[in-house]
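File shown: query_19.cif (mmCIF, C-alpha atoms).
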data_final
#
loop_
_atom_site.label_atom_id
_atom_site.label_comp_id
_atom_site.auth_asym_id
_atom_site.auth_seq_id
_atom_site.Cartn_x
_atom_site.Cartn_y
_atom_site.Cartn_z
CA MET A 811 -17.24 69.68 -117.04
CA SER A 812 -16.88 72.66 -114.74
CA ALA A 813 -19.51 73.58 -112.15
CA PRO A 814 -22.27 75.96 -113.26
CA GLU A 815 -21.62 79.62 -112.61
CA LEU A 816 -22.89 80.88 -109.25
CA TYR A 817 -25.45 83.70 -108.96
CA GLY A 818 -26.53 85.17 -105.63
CA LEU A 819 -30.06 85.85 -104.38
CA VAL A 820 -30.95 87.89 -101.30
CA LEU A 821 -34.40 86.85 -100.08
CA ALA A 822 -36.06 90.08 -99.01
CA GLY A 823 -39.69 89.27 -99.80
CA GLY A 824 -40.78 88.00 -96.40
CA ARG A 825 -43.69 89.78 -94.81
CA SER A 826 -41.85 90.44 -91.52
CA THR A 827 -45.10 90.01 -89.61
CA ARG A 828 -43.48 89.25 -86.28
CA MET A 829 -40.92 92.02 -86.66
CA GLY A 830 -43.60 94.61 -87.43
CA ARG A 831 -41.32 96.25 -90.02
CA ASP A 832 -39.43 95.15 -93.10
CA LYS A 833 -36.56 92.90 -91.97
CA ALA A 834 -34.64 93.67 -95.15
CA LEU A 835 -34.32 97.31 -94.15
CA LEU A 836 -33.25 96.75 -90.53
CA VAL A 837 -29.83 98.15 -89.70
CA TYR A 838 -27.69 96.00 -87.38
CA ARG A 839 -24.32 97.52 -88.15
CA ASP A 840 -23.95 100.43 -90.55
CA LYS A 841 -26.31 99.68 -93.45
CA PRO A 842 -29.63 97.98 -94.19
CA GLN A 843 -29.49 94.22 -93.87
CA VAL A 844 -30.42 93.70 -97.55
CA GLU A 845 -27.28 95.61 -98.59
CA VAL A 846 -25.11 93.78 -96.06
CA VAL A 847 -26.12 90.41 -97.51
CA ARG A 848 -25.87 91.65 -101.10
CA ASP A 849 -22.31 92.88 -100.50
CA LEU A 850 -21.36 89.61 -98.80
CA LEU A 851 -22.70 87.59 -101.74
CA SER A 852 -20.97 89.73 -104.35
CA GLY A 853 -17.65 88.32 -103.13
CA PHE A 854 -18.71 84.85 -104.25
CA CYS A 855 -21.21 85.34 -107.09
CA ARG A 856 -20.99 86.57 -110.66
CA ALA A 857 -24.23 88.53 -110.18
CA VAL A 858 -26.43 89.23 -107.15
CA PHE A 859 -30.19 89.87 -107.23
CA ILE A 860 -32.67 91.05 -104.61
CA SER A 861 -35.77 88.87 -104.40
CA CYS A 862 -38.92 90.77 -103.39
CA ARG A 863 -42.70 90.97 -103.65
CA PRO A 864 -44.36 93.12 -106.34
CA ASP A 865 -45.61 95.62 -103.75
CA GLN A 866 -42.28 96.17 -101.98
CA VAL A 867 -40.55 99.50 -102.33
CA GLY A 868 -37.23 100.90 -101.21
CA LEU A 869 -35.06 97.90 -102.07
CA PRO A 870 -31.93 98.20 -104.21
CA GLU A 871 -31.61 96.97 -107.81
CA PRO A 872 -31.27 94.55 -109.50
CA ARG A 873 -34.46 92.96 -108.27
CA LEU A 874 -36.29 89.79 -109.14
CA VAL A 875 -39.97 90.23 -108.41
CA ASP A 876 -41.81 87.12 -107.19
CA ARG A 877 -43.80 85.39 -109.93
CA TYR A 878 -45.41 82.95 -107.51
CA ASP A 879 -47.81 83.59 -104.68
CA ASN A 880 -48.28 81.99 -101.26
CA ILE A 881 -45.41 79.52 -101.42
CA GLY A 882 -43.13 81.44 -99.06
CA PRO A 883 -39.41 81.61 -99.83
CA LEU A 884 -39.83 79.14 -102.68
CA SER A 885 -41.53 81.86 -104.71
CA GLY A 886 -38.33 83.92 -104.72
CA ILE A 887 -36.12 80.88 -105.24
CA LEU A 888 -38.16 79.56 -108.19
CA THR A 889 -38.50 83.00 -109.75
CA ALA A 890 -34.71 83.28 -109.80
CA MET A 891 -34.10 79.74 -111.04
CA ASP A 892 -36.68 80.19 -113.82
CA ALA A 893 -35.03 83.46 -114.90
CA HIS A 894 -31.55 81.89 -115.16
CA PRO A 895 -32.06 78.13 -115.34
CA ASP A 896 -28.45 77.35 -116.28
CA LYS A 897 -26.98 79.02 -113.16
CA ALA A 898 -26.48 77.70 -109.68
CA TRP A 899 -27.86 79.97 -106.97
CA LEU A 900 -26.44 80.91 -103.61
CA ILE A 901 -29.68 81.71 -101.78
CA VAL A 902 -29.49 83.72 -98.58
CA ALA A 903 -32.22 85.17 -96.36
CA CYS A 904 -31.88 88.78 -95.27
CA ASP A 905 -32.69 88.05 -91.61
CA LEU A 906 -29.40 86.41 -90.65
CA PRO A 907 -27.60 89.19 -88.79
CA PHE A 908 -24.58 87.01 -87.90
CA LEU A 909 -23.88 85.64 -91.35
CA ASP A 910 -20.29 86.42 -92.27
CA ARG A 911 -17.80 86.02 -95.10
CA ALA A 912 -16.19 82.97 -93.57
CA THR A 913 -19.47 81.06 -93.48
CA LEU A 914 -20.13 81.75 -97.17
CA GLU A 915 -16.53 81.01 -98.05
CA PHE A 916 -16.73 77.59 -96.40
CA LEU A 917 -20.05 76.84 -98.12
CA THR A 918 -18.82 77.77 -101.59
CA ALA A 919 -15.44 76.06 -101.09
CA HIS A 920 -17.14 72.79 -100.08
CA ARG A 921 -19.90 72.99 -102.68
CA ASP A 922 -20.61 69.71 -104.45
CA ALA A 923 -21.99 70.69 -107.86
CA LYS A 924 -22.86 67.07 -108.67
CA LYS A 925 -25.47 67.09 -105.88
CA PRO A 926 -28.69 69.10 -106.36
CA ALA A 927 -27.83 71.35 -103.41
CA THR A 928 -25.20 72.15 -100.79
CA ALA A 929 -26.35 73.32 -97.38
CA TYR A 930 -25.38 73.55 -93.73
CA ARG A 931 -26.76 71.34 -91.00
CA GLY A 932 -28.85 73.32 -88.53
CA ARG A 933 -27.26 73.98 -85.15
CA ILE A 934 -30.14 72.55 -83.15
CA ASP A 935 -31.82 69.81 -85.15
CA GLY A 936 -29.14 68.91 -87.70
CA LEU A 937 -31.62 69.45 -90.57
CA PRO A 938 -30.56 71.37 -93.68
CA GLU A 939 -30.65 75.17 -93.45
CA PRO A 940 -32.41 76.10 -96.72
CA LEU A 941 -31.97 79.85 -96.58
CA CYS A 942 -28.19 79.93 -96.74
CA ALA A 943 -27.54 77.26 -99.33
CA ILE A 944 -26.46 76.59 -102.91
CA TYR A 945 -29.13 75.34 -105.29
CA GLU A 946 -27.75 73.73 -108.44
CA PRO A 947 -29.69 73.96 -111.75
CA ALA A 948 -30.92 70.37 -111.24
CA MET A 949 -32.80 71.51 -108.15
CA ARG A 950 -35.17 73.66 -110.20
CA ALA A 951 -37.21 70.79 -111.69
CA ARG A 952 -37.28 69.12 -108.28
CA LEU A 953 -38.66 72.24 -106.60
CA HIS A 954 -41.38 72.61 -109.24
CA HIS A 955 -42.24 68.98 -108.68
CA PHE A 956 -42.43 69.47 -104.89
CA VAL A 957 -44.68 72.53 -105.27
CA ARG A 958 -47.03 70.54 -107.48
CA GLU A 959 -47.12 67.91 -104.73
CA GLY A 960 -48.02 70.58 -102.19
CA ILE A 961 -44.59 70.73 -100.54
CA THR A 962 -43.65 74.38 -100.23
CA CYS A 963 -41.12 74.13 -97.39
CA PRO A 964 -37.61 74.51 -98.85
CA ARG A 965 -36.19 72.62 -95.85
CA LYS A 966 -38.36 69.61 -96.72
CA ALA A 967 -37.27 69.96 -100.33
CA LEU A 968 -33.61 69.75 -99.27
CA ILE A 969 -34.31 66.83 -96.91
CA ARG A 970 -35.93 64.90 -99.74
CA SER A 971 -33.12 65.64 -102.16
CA ASP A 972 -29.61 64.29 -102.08
CA THR A 973 -28.34 67.49 -100.47
CA HIS A 974 -24.64 67.76 -99.68
CA LEU A 975 -24.57 68.70 -95.99
CA LEU A 976 -21.84 70.58 -94.16
CA ASP A 977 -21.22 71.37 -90.49
CA LEU A 978 -21.21 75.06 -89.67
CA PRO A 979 -17.72 76.38 -88.91
CA ASP A 980 -19.38 78.96 -86.63
CA PRO A 981 -22.45 77.30 -85.07
CA LEU A 982 -24.20 80.63 -84.43
CA ALA A 983 -23.71 82.12 -87.89
CA LEU A 984 -27.22 81.29 -89.08
CA GLU A 985 -29.23 82.45 -86.06
CA ASN A 986 -32.09 84.53 -87.36
CA ALA A 987 -34.02 87.46 -86.03
CA ASN A 988 -37.79 87.45 -86.55
CA ARG A 989 -38.92 89.62 -83.67
CA PRO A 990 -37.88 93.06 -82.44
CA GLU A 991 -36.36 91.59 -79.25
CA GLU A 992 -34.29 89.13 -81.30
CA ALA A 993 -33.12 91.97 -83.51
CA GLU A 994 -32.15 94.04 -80.48
CA ARG A 995 -30.17 91.12 -79.10
CA ALA A 996 -28.45 90.74 -82.46
CA ARG A 997 -27.54 94.43 -82.43
CA GLN A 998 -26.05 94.11 -78.96
CA ALA A 999 -24.17 90.97 -79.94
CA SER A 1000 -22.74 92.67 -83.04
CA ARG A 1001 -21.32 95.34 -80.72
CA GLY A 1002 -19.97 92.67 -78.41
CA ALA A 1003 -22.37 93.66 -75.62
CA VAL A 1004 -23.92 90.22 -75.16
CA ARG A 1005 -23.04 86.74 -76.30
CA LEU A 1006 -25.58 85.05 -78.43
CA ASP A 1007 -25.40 81.64 -76.82
CA GLU A 1008 -26.26 82.86 -73.35
CA GLY A 1009 -29.41 84.32 -71.89
CA GLN A 1010 -32.58 83.18 -73.56
CA PRO A 1011 -33.49 79.51 -73.38
CA GLU A 1012 -33.66 77.73 -76.71
CA GLU A 1013 -37.16 77.90 -78.05
CA LYS A 1014 -38.56 75.03 -80.08
CA ARG A 1015 -40.51 76.42 -82.96
CA ALA A 1016 -41.98 75.59 -86.29
CA CYS A 1017 -39.83 75.51 -89.39
CA ASP A 1018 -38.76 79.06 -90.16
CA ALA A 1019 -38.44 78.36 -93.84
CA CYS A 1020 -41.99 77.13 -94.36
CA PRO A 1021 -44.39 79.60 -95.89
CA PRO A 1022 -46.42 80.72 -92.89
CA LYS A 1023 -49.95 79.35 -92.75
CA SER A 1024 -52.46 82.12 -92.85
CA ARG A 1025 -55.68 82.21 -90.86
CA THR A 1026 -58.68 84.47 -90.62
CA VAL A 1027 -59.28 86.20 -87.31
CA HIS A 1028 -61.91 88.75 -86.35
CA VAL A 1029 -60.48 91.71 -84.51
CA HIS A 1030 -62.72 94.01 -82.49
CA LEU A 1031 -61.56 97.51 -81.68
CA TYR A 1032 -63.10 99.84 -79.14
CA ALA A 1033 -63.08 103.45 -78.03
CA ILE A 1034 -59.93 105.28 -79.09
CA LEU A 1035 -58.70 102.29 -81.14
CA ARG A 1036 -61.99 102.16 -83.04
CA GLU A 1037 -61.80 105.90 -83.71
CA ARG A 1038 -58.16 105.88 -84.82
CA SER A 1039 -58.50 102.88 -87.11
CA GLY A 1040 -61.95 103.75 -88.40
CA HIS A 1041 -63.03 100.16 -87.75
CA ALA A 1042 -65.07 98.53 -84.99
CA ALA A 1043 -64.44 95.06 -86.43
CA ILE A 1044 -61.99 93.80 -89.02
CA ALA A 1045 -61.68 90.35 -90.57
CA MET A 1046 -57.95 89.86 -90.96
CA GLU A 1047 -56.11 87.32 -93.05
CA THR A 1048 -52.92 86.88 -91.09
CA THR A 1049 -49.88 84.69 -90.59
CA ALA A 1050 -49.54 85.95 -87.00
CA HIS A 1051 -48.96 83.33 -84.32
CA THR A 1052 -49.91 85.32 -81.24
CA ALA A 1053 -52.25 88.10 -80.21
CA ARG A 1054 -49.17 90.32 -79.94
CA ASP A 1055 -48.32 89.65 -83.60
CA VAL A 1056 -51.90 90.46 -84.62
CA TYR A 1057 -51.69 93.77 -82.76
CA ALA A 1058 -48.31 94.51 -84.37
CA GLU A 1059 -49.92 94.08 -87.80
CA LEU A 1060 -52.80 96.35 -86.86
CA ALA A 1061 -50.46 98.94 -85.39
CA GLN A 1062 -48.50 98.97 -88.62
CA ARG A 1063 -51.60 99.12 -90.80
CA PHE A 1064 -53.20 101.99 -88.89
CA SER A 1065 -50.02 103.76 -87.73
CA LEU A 1066 -50.82 103.22 -84.05
CA SER A 1067 -47.87 104.15 -81.86
CA TRP A 1068 -49.16 102.63 -78.59
CA PRO A 1069 -47.36 99.48 -77.45
CA ALA A 1070 -49.53 96.39 -76.91
CA GLU A 1071 -48.85 96.63 -73.17
CA GLN A 1072 -51.08 99.70 -72.91
CA PHE A 1073 -54.05 97.49 -73.74
CA ARG A 1074 -55.52 94.22 -72.61
CA VAL A 1075 -56.56 91.51 -75.01
CA ALA A 1076 -59.34 88.95 -74.95
CA ILE A 1077 -60.07 86.01 -77.22
CA GLY A 1078 -63.75 85.17 -77.23
CA THR A 1079 -64.89 86.06 -73.72
CA ALA A 1080 -61.62 85.27 -71.92
CA PHE A 1081 -58.85 87.75 -71.20
CA VAL A 1082 -55.52 86.28 -72.29
CA ASP A 1083 -51.83 87.05 -72.39
CA TRP A 1084 -50.50 89.00 -75.37
CA ASP A 1085 -48.41 85.92 -76.20
CA HIS A 1086 -51.47 83.68 -76.40
CA ALA A 1087 -51.67 81.77 -79.69
CA VAL A 1088 -54.37 82.76 -82.17
CA ARG A 1089 -56.34 80.23 -84.17
CA GLU A 1090 -58.52 80.22 -87.26
CA GLY A 1091 -61.79 82.02 -86.58
CA ASP A 1092 -60.78 83.57 -83.24
CA SER A 1093 -62.53 86.75 -82.11
CA ILE A 1094 -59.83 89.01 -80.73
CA HIS A 1095 -60.82 92.02 -78.64
CA VAL A 1096 -58.27 94.76 -78.05
CA ILE A 1097 -59.23 96.50 -74.82
CA PRO A 1098 -58.13 100.08 -74.08
CA PRO A 1099 -58.14 101.17 -70.41
CA VAL A 1100 -61.75 100.83 -69.24
CA ALA A 1101 -63.88 103.54 -67.69
CA GLY A 1102 -67.29 102.13 -66.87
CA GLY A 1103 -69.53 103.39 -64.09
CA MET B 930 -77.46 89.30 -64.62
CA PHE B 931 -75.75 91.95 -66.74
CA THR B 932 -77.25 94.19 -69.40
CA LEU B 933 -75.82 96.88 -71.66
CA THR B 934 -78.65 99.08 -72.84
CA GLU B 935 -79.23 102.09 -75.04
CA LYS B 936 -82.52 102.80 -73.24
CA PRO B 937 -82.96 104.47 -69.83
CA ILE B 938 -82.49 102.04 -66.94
CA ASP B 939 -85.80 101.15 -65.27
CA ILE B 940 -84.71 101.08 -61.64
CA ALA B 941 -88.18 100.36 -60.31
CA ALA B 942 -88.50 97.27 -62.49
CA LEU B 943 -85.04 95.98 -61.50
CA ASN B 944 -85.84 96.57 -57.82
CA ARG B 945 -89.10 94.65 -58.20
CA GLU B 946 -87.41 91.74 -60.00
CA MET B 947 -84.73 91.37 -57.36
CA ARG B 948 -86.95 91.27 -54.28
CA THR B 949 -87.70 87.79 -52.97
CA SER B 950 -89.21 86.60 -49.73
CA GLU B 951 -85.84 85.13 -48.61
CA SER B 952 -83.90 88.38 -49.01
CA GLY B 953 -83.94 90.60 -46.00
CA ALA B 954 -81.91 93.26 -47.80
CA LEU B 955 -81.56 94.79 -51.27
CA VAL B 956 -78.69 97.26 -51.60
CA GLU B 957 -78.66 99.32 -54.79
CA PHE B 958 -76.04 101.60 -56.32
CA THR B 959 -77.09 104.18 -58.88
CA GLY B 960 -74.27 105.88 -60.83
CA ILE B 961 -75.19 109.30 -62.25
CA VAL B 962 -73.49 111.38 -64.97
CA ARG B 963 -71.77 114.36 -63.29
CA SER B 964 -71.62 117.76 -64.93
CA GLY B 965 -68.02 118.30 -63.90
CA ASN B 966 -64.88 116.18 -63.95
CA GLN B 967 -61.43 117.29 -62.80
CA GLY B 968 -62.38 120.94 -62.99
CA ARG B 969 -63.92 120.80 -66.47
CA ARG B 970 -67.59 121.24 -67.34
CA VAL B 971 -68.98 118.11 -68.99
CA THR B 972 -71.90 118.58 -71.38
CA ALA B 973 -72.33 114.96 -72.47
CA LEU B 974 -70.89 111.47 -72.18
CA GLU B 975 -70.68 108.66 -74.66
CA TYR B 976 -70.43 105.11 -73.35
CA GLU B 977 -69.34 102.15 -75.41
CA GLY B 978 -69.10 98.50 -74.32
CA ALA B 979 -67.93 95.10 -75.55
CA GLU B 980 -71.20 93.35 -74.84
CA ASP B 981 -70.40 89.62 -74.55
CA LEU B 982 -67.03 90.23 -72.99
CA ALA B 983 -68.49 92.71 -70.49
CA ALA B 984 -71.20 90.23 -69.49
CA ALA B 985 -68.61 87.47 -69.06
CA GLU B 986 -66.33 89.67 -66.97
CA PHE B 987 -69.17 90.90 -64.78
CA GLY B 988 -70.18 87.25 -64.33
CA ARG B 989 -66.69 86.48 -63.06
CA ILE B 990 -66.84 89.44 -60.67
CA ALA B 991 -70.23 88.25 -59.39
CA ASP B 992 -68.78 84.76 -58.80
CA GLU B 993 -65.97 86.33 -56.77
CA ALA B 994 -68.55 88.31 -54.77
CA ARG B 995 -70.54 85.16 -54.05
CA ALA B 996 -67.37 83.45 -52.86
CA SER B 997 -66.54 86.30 -50.47
CA PHE B 998 -69.92 87.47 -49.21
CA SER B 999 -73.05 85.72 -48.12
CA ILE B 1000 -75.35 87.09 -50.82
CA LEU B 1001 -78.32 85.85 -52.83
CA GLY B 1002 -78.70 87.75 -56.11
CA VAL B 1003 -76.68 90.18 -58.25
CA ARG B 1004 -77.83 92.40 -61.14
CA CYS B 1005 -76.19 95.12 -63.16
CA ALA B 1006 -77.43 97.38 -65.95
CA HIS B 1007 -75.13 99.81 -67.74
CA ARG B 1008 -76.03 102.43 -70.31
CA VAL B 1009 -74.27 102.80 -73.67
CA GLY B 1010 -74.64 105.67 -76.11
CA ARG B 1011 -74.92 109.38 -75.44
CA LEU B 1012 -75.93 110.59 -71.97
CA ALA B 1013 -76.39 114.02 -70.39
CA PRO B 1014 -75.47 115.16 -66.87
CA GLY B 1015 -78.08 113.86 -64.42
CA ASP B 1016 -78.78 110.69 -66.44
CA ILE B 1017 -78.33 107.29 -64.82
CA ALA B 1018 -75.23 105.57 -66.22
CA VAL B 1019 -75.16 102.37 -64.18
CA TRP B 1020 -77.21 100.45 -61.64
CA VAL B 1021 -75.98 97.58 -59.45
CA GLY B 1022 -78.24 95.65 -57.05
CA VAL B 1023 -77.37 92.95 -54.51
CA THR B 1024 -79.71 90.93 -52.31
CA ALA B 1025 -78.78 89.05 -49.15
CA VAL B 1026 -80.41 87.63 -46.06
CA HIS B 1027 -78.74 90.35 -43.98
CA ARG B 1028 -77.81 93.90 -44.96
CA ASP B 1029 -74.09 93.83 -43.99
CA ALA B 1030 -73.20 91.30 -46.70
CA ALA B 1031 -75.30 93.17 -49.29
CA PHE B 1032 -73.61 96.52 -48.54
CA ALA B 1033 -70.11 95.02 -48.66
CA ALA B 1034 -70.79 93.03 -51.84
CA CYS B 1035 -72.32 96.04 -53.60
CA GLN B 1036 -69.23 98.13 -52.85
CA PHE B 1037 -66.99 95.31 -54.14
CA LEU B 1038 -69.04 94.84 -57.33
CA VAL B 1039 -69.04 98.53 -58.23
CA ASN B 1040 -65.29 98.89 -57.60
CA GLN B 1041 -64.43 95.84 -59.69
CA LEU B 1042 -66.87 96.88 -62.43
CA LYS B 1043 -65.06 100.19 -62.83
CA LEU B 1044 -61.66 98.48 -62.91
CA ARG B 1045 -62.32 95.49 -65.11
CA VAL B 1046 -65.46 95.49 -67.22
CA PRO B 1047 -64.81 96.55 -70.84
CA ILE B 1048 -66.84 99.73 -70.99
CA TRP B 1049 -65.43 103.06 -72.19
CA LYS B 1050 -66.43 106.65 -71.59
CA LYS B 1051 -65.82 109.68 -73.75
CA GLU B 1052 -66.41 113.09 -72.18
CA PHE B 1053 -67.57 116.10 -74.18
CA TYR B 1054 -66.63 119.44 -72.65
CA ALA B 1055 -68.24 122.88 -72.67
CA GLU B 1056 -65.27 124.20 -74.72
CA GLY B 1057 -66.19 121.84 -77.56
CA ASP B 1058 -63.39 119.28 -77.20
CA SER B 1059 -63.68 115.69 -76.00
CA GLY B 1060 -61.56 112.86 -74.68
CA TRP B 1061 -61.56 109.18 -73.74
CA ILE B 1062 -61.29 108.71 -69.98
CA ASN B 1063 -58.28 106.78 -68.64
CA HIS B 1064 -56.62 106.57 -72.02
CA PRO B 1065 -52.91 107.46 -71.66
#
Rewrite the coordinates I just gave you, this time as structure tokens.
Amino acid sequence: MSAPELYGLVLAGGRSTRMGRDKALLVYRDKPQVEVVRDLLSGFCRAVFISCRPDQVGLPEPRLVDRYDNIGPLSGILTAMDAHPDKAWLIVACDLPFLDRATLEFLTAHRDAKKPATAYRGRIDGLPEPLCAIYEPAMRARLHHFVREGITCPRKALIRSDTHLLDLPDPLALENANRPEEAERARQASRGAVRLDEGQPEEKRACDACPPKSRTVHVHLYAILRERSGHAAIAMETTAHTARDVYAELAQRFSLSWPAEQFRVAIGTAFVDWDHAVREGDSIHVIPPVAGG
Amino acid sequence: MFTLTEKPIDIAALNREMRTSESGALVEFTGIVRSGNQGRRVTALEYEGAEDLAAAEFGRIADEARASFSILGVRCAHRVGRLAPGDIAVWVGVTAVHRDAAFAACQFLVNQLKLRVPIWKKEFYAEGDSGWINHP
């Protein structure tokens, strides 16, 4: 029996909260990232689809619109697997600016179709990288089962399955870019201006593949910010981790062009750093330059 | 210790409340709305404040003042809402055993208040336009 035919899926439905703009449409080299990944995949897949949310515009066809809500990347993955249950899927996120042909070639060449999935080991923790991996048809029922159990992290799903794991030929190929400064670094690296493995210290962070947990925060806006936004207080449902991310969301929503640095920020009655973490129920005050007296 | 108010500031009442038999000095600062700013004629001002945050920040400033100067009591009242030239915008009072500490602390409190306390001021000009002060 030959291995199931391989289809490709570009995951472009992330909310890009930390980036402040759609990661799928960022240009690192000469075209939007979603097209770069699509073109890469088309060398290995019989058909390639763009996975996106119902409200997303400006992405190329053919698209597969999420049929699940609030389960992060699994919504795109399951939508695709449900649509073509007899195919295997090469699933790739659109925020991997260093992904290249060789990395996909190695993955597809070493695919084990008898296992439910084939994936790379992560550079830092050795755990499976779920957003550049091959999901065999057998994985579909498993993923549905995991979702019913409340497991919506595709990395956990791969850990709990008999995933065929490979070492990355290029250890930096799956670095991702979630924030503007990471994207800028990726741009410089793609021009050879900086090397990716120098400079910034390695940051330990939560699983990037998990659907972000959302929280409700209460944002208070004053003076010119209140006038521009039309709101003195807003209850925001957000996946933002820091005050800076909350401001980025607001800036996008209300087309504010001022950088966060022009303002101060307070949580409750304490002034904090823009990189201060935000928690459920926080009252966040964005403070324009003051002029009392 | 700190009040944001939409009503006129009752200086006489604040003065009365602050006087004690231990304090040999009460130094007061009264800030008044000017009719001109940077060469433009101002017809009105609108003040806005973040109440709890402003009170907390003024409290921190008062703590700093107590650490630096030998003072007894500190009070501040600031107006919010629409004011006309000649109106009282802010009042700061400091008591101390001796006047030198009260003068120095009052100066410090007013300077820090203007720099740090989350209160904003919008000026309305004779030509009909308006603008937020200090906003870039």
Using only C-alpha atoms and a cut-off of 7 Å, which residues of chain B sit close to chain A? Please list them as a PyMOL selection string. chain B and resi 960+977+981-982+985+1018-1019+1042-1050+1061-1064
Those residues with C-alpha atoms, as an mmCIF file, keeping the file's coordinate frame please?
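New file again12.cif:
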data_model
loop_
_atom_site.group_PDB
_atom_site.id
_atom_site.type_symbol
_atom_site.label_atom_id
_atom_site.label_comp_id
_atom_site.auth_asym_id
_atom_site.auth_seq_id
_atom_site.Cartn_x
_atom_site.Cartn_y
_atom_site.Cartn_z
ATOM 1 C CA GLY B 960 -74.270 105.880 -60.830
ATOM 2 C CA GLU B 977 -69.340 102.150 -75.410
ATOM 3 C CA ASP B 981 -70.400 89.620 -74.550
ATOM 4 C CA LEU B 982 -67.030 90.230 -72.990
ATOM 5 C CA ALA B 985 -68.610 87.470 -69.060
ATOM 6 C CA ALA B 1018 -75.230 105.570 -66.220
ATOM 7 C CA VAL B 1019 -75.160 102.370 -64.180
ATOM 8 C CA LEU B 1042 -66.870 96.880 -62.430
ATOM 9 C CA LYS B 1043 -65.060 100.190 -62.830
ATOM 10 C CA LEU B 1044 -61.660 98.480 -62.910
ATOM 11 C CA ARG B 1045 -62.320 95.490 -65.110
ATOM 12 C CA VAL B 1046 -65.460 95.490 -67.220
ATOM 13 C CA PRO B 1047 -64.810 96.550 -70.840
ATOM 14 C CA ILE B 1048 -66.840 99.730 -70.990
ATOM 15 C CA TRP B 1049 -65.430 103.060 -72.190
ATOM 16 C CA LYS B 1050 -66.430 106.650 -71.590
ATOM 17 C CA TRP B 1061 -61.560 109.180 -73.740
ATOM 18 C CA ILE B 1062 -61.290 108.710 -69.980
ATOM 19 C CA ASN B 1063 -58.280 106.780 -68.640
ATOM 20 C CA HIS B 1064 -56.620 106.570 -72.020
#
Residues picked by the PyMOL selection byres ((chain A and resi 818) around 10) here, as a PDB file with C-alpha atoms, in the frame of the given file?
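part37.pdb was written with the following content:
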ATOM      1  CA  LEU A 816     -22.890  80.880-109.250  1.00  0.00           C
ATOM      2  CA  TYR A 817     -25.450  83.700-108.960  1.00  0.00           C
ATOM      3  CA  LEU A 819     -30.060  85.850-104.380  1.00  0.00           C
ATOM      4  CA  VAL A 820     -30.950  87.890-101.300  1.00  0.00           C
ATOM      5  CA  LEU A 821     -34.400  86.850-100.080  1.00  0.00           C
ATOM      6  CA  VAL A 847     -26.120  90.410 -97.510  1.00  0.00           C
ATOM      7  CA  ARG A 848     -25.870  91.650-101.100  1.00  0.00           C
ATOM      8  CA  LEU A 850     -21.360  89.610 -98.800  1.00  0.00           C
ATOM      9  CA  LEU A 851     -22.700  87.590-101.740  1.00  0.00           C
ATOM     10  CA  SER A 852     -20.970  89.730-104.350  1.00  0.00           C
ATOM     11  CA  GLY A 853     -17.650  88.320-103.130  1.00  0.00           C
ATOM     12  CA  PHE A 854     -18.710  84.850-104.250  1.00  0.00           C
ATOM     13  CA  CYS A 855     -21.210  85.340-107.090  1.00  0.00           C
ATOM     14  CA  ARG A 856     -20.990  86.570-110.660  1.00  0.00           C
ATOM     15  CA  ALA A 857     -24.230  88.530-110.180  1.00  0.00           C
ATOM     16  CA  VAL A 858     -26.430  89.230-107.150  1.00  0.00           C
ATOM     17  CA  PHE A 859     -30.190  89.870-107.230  1.00  0.00           C
ATOM     18  CA  ILE A 860     -32.670  91.050-104.610  1.00  0.00           C
ATOM     19  CA  ALA A 890     -34.710  83.280-109.800  1.00  0.00           C
ATOM     20  CA  LYS A 897     -26.980  79.020-113.160  1.00  0.00           C
ATOM     21  CA  ALA A 898     -26.480  77.700-109.680  1.00  0.00           C
ATOM     22  CA  TRP A 899     -27.860  79.970-106.970  1.00  0.00           C
ATOM     23  CA  LEU A 900     -26.440  80.910-103.610  1.00  0.00           C
ATOM     24  CA  ILE A 901     -29.680  81.710-101.780  1.00  0.00           C
ATOM     25  CA  VAL A 902     -29.490  83.720 -98.580  1.00  0.00           C
ATOM     26  CA  ILE A 944     -26.460  76.590-102.910  1.00  0.00           C
TER      27      ILE A 944
END
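Among B:Asp1029, B:Glu986, B:Glu1056, B:Glu957, the residue with the shortest atom-to-atom distance to Asn944 in chain B, counting all atoms listed in the file, is B:Glu957.
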Close residues, Gln843 in chain A itself excluded, 12 Å, all atoms listed in the file, min 2 positions apart in chain, as number ranges by chain: A: 820-822, 832-841, 845-850, 860, 869-870, 902-909, 986-987, 993, 996-997
Could you work out an axis-aligned box for range 969-977 of chain A, taking every atom the file lists and adding 3 Å on each side, and report centre and edge lengths in Å to one decimal, as lines of an AutoDock Vina configuration file?
center_x = -28.6
center_y = 67.8
center_z = -96.3
size_x = 20.7
size_y = 13.1
size_z = 17.7
What do you get, as a ChimeraX atom specification, if you spell out every residue that the PyMOL selection byres ((chain A and resi 825) around 12) selects here? /A:821-824,826-834,862-863,865-866,880,882-883,904-905,988,1021-1022,1024,1048-1050,1059
Show me, as a list in words, the residues that have an atom within 8 Å of Thr889 in chain A when counting all atoms listed in the file, minus same-chain residues fewer than 2 positions from it.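 Residues meeting the cut-off are Leu874, Val875, Asp876, Arg877, Tyr878, Ser885, Gly886, Ile887, Met891, Asp892 and Ala893 of chain A.
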Would you write out, as a VMD selection string, every residue that the PyMOL selection byres ((chain B and resi 1034) around 12) captures in this file? chain B and resid 954 to 958 990 to 1004 1021 to 1025 1027 to 1033 1035 to 1042
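From CA of Thr928 in chain A back to CA of Phe956 in chain A, the distance works out to 17.9 Å.
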Arg970 in chain B surroundings by only C-alpha atoms, 6 Å radius, close-in-sequence under 4 positions cut, as a compact mmCIF listing (two decimals) with C-alpha atoms, in the frame of the given file:
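Written output follows (selection-v3.txt):
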# COMPACT_ATOMS: atom_id res chain seq x y z
CA SER B 964 -71.62 117.76 -64.93
CA GLY B 965 -68.02 118.30 -63.90
CA TYR B 1054 -66.63 119.44 -72.65
CA ALA B 1055 -68.24 122.88 -72.67
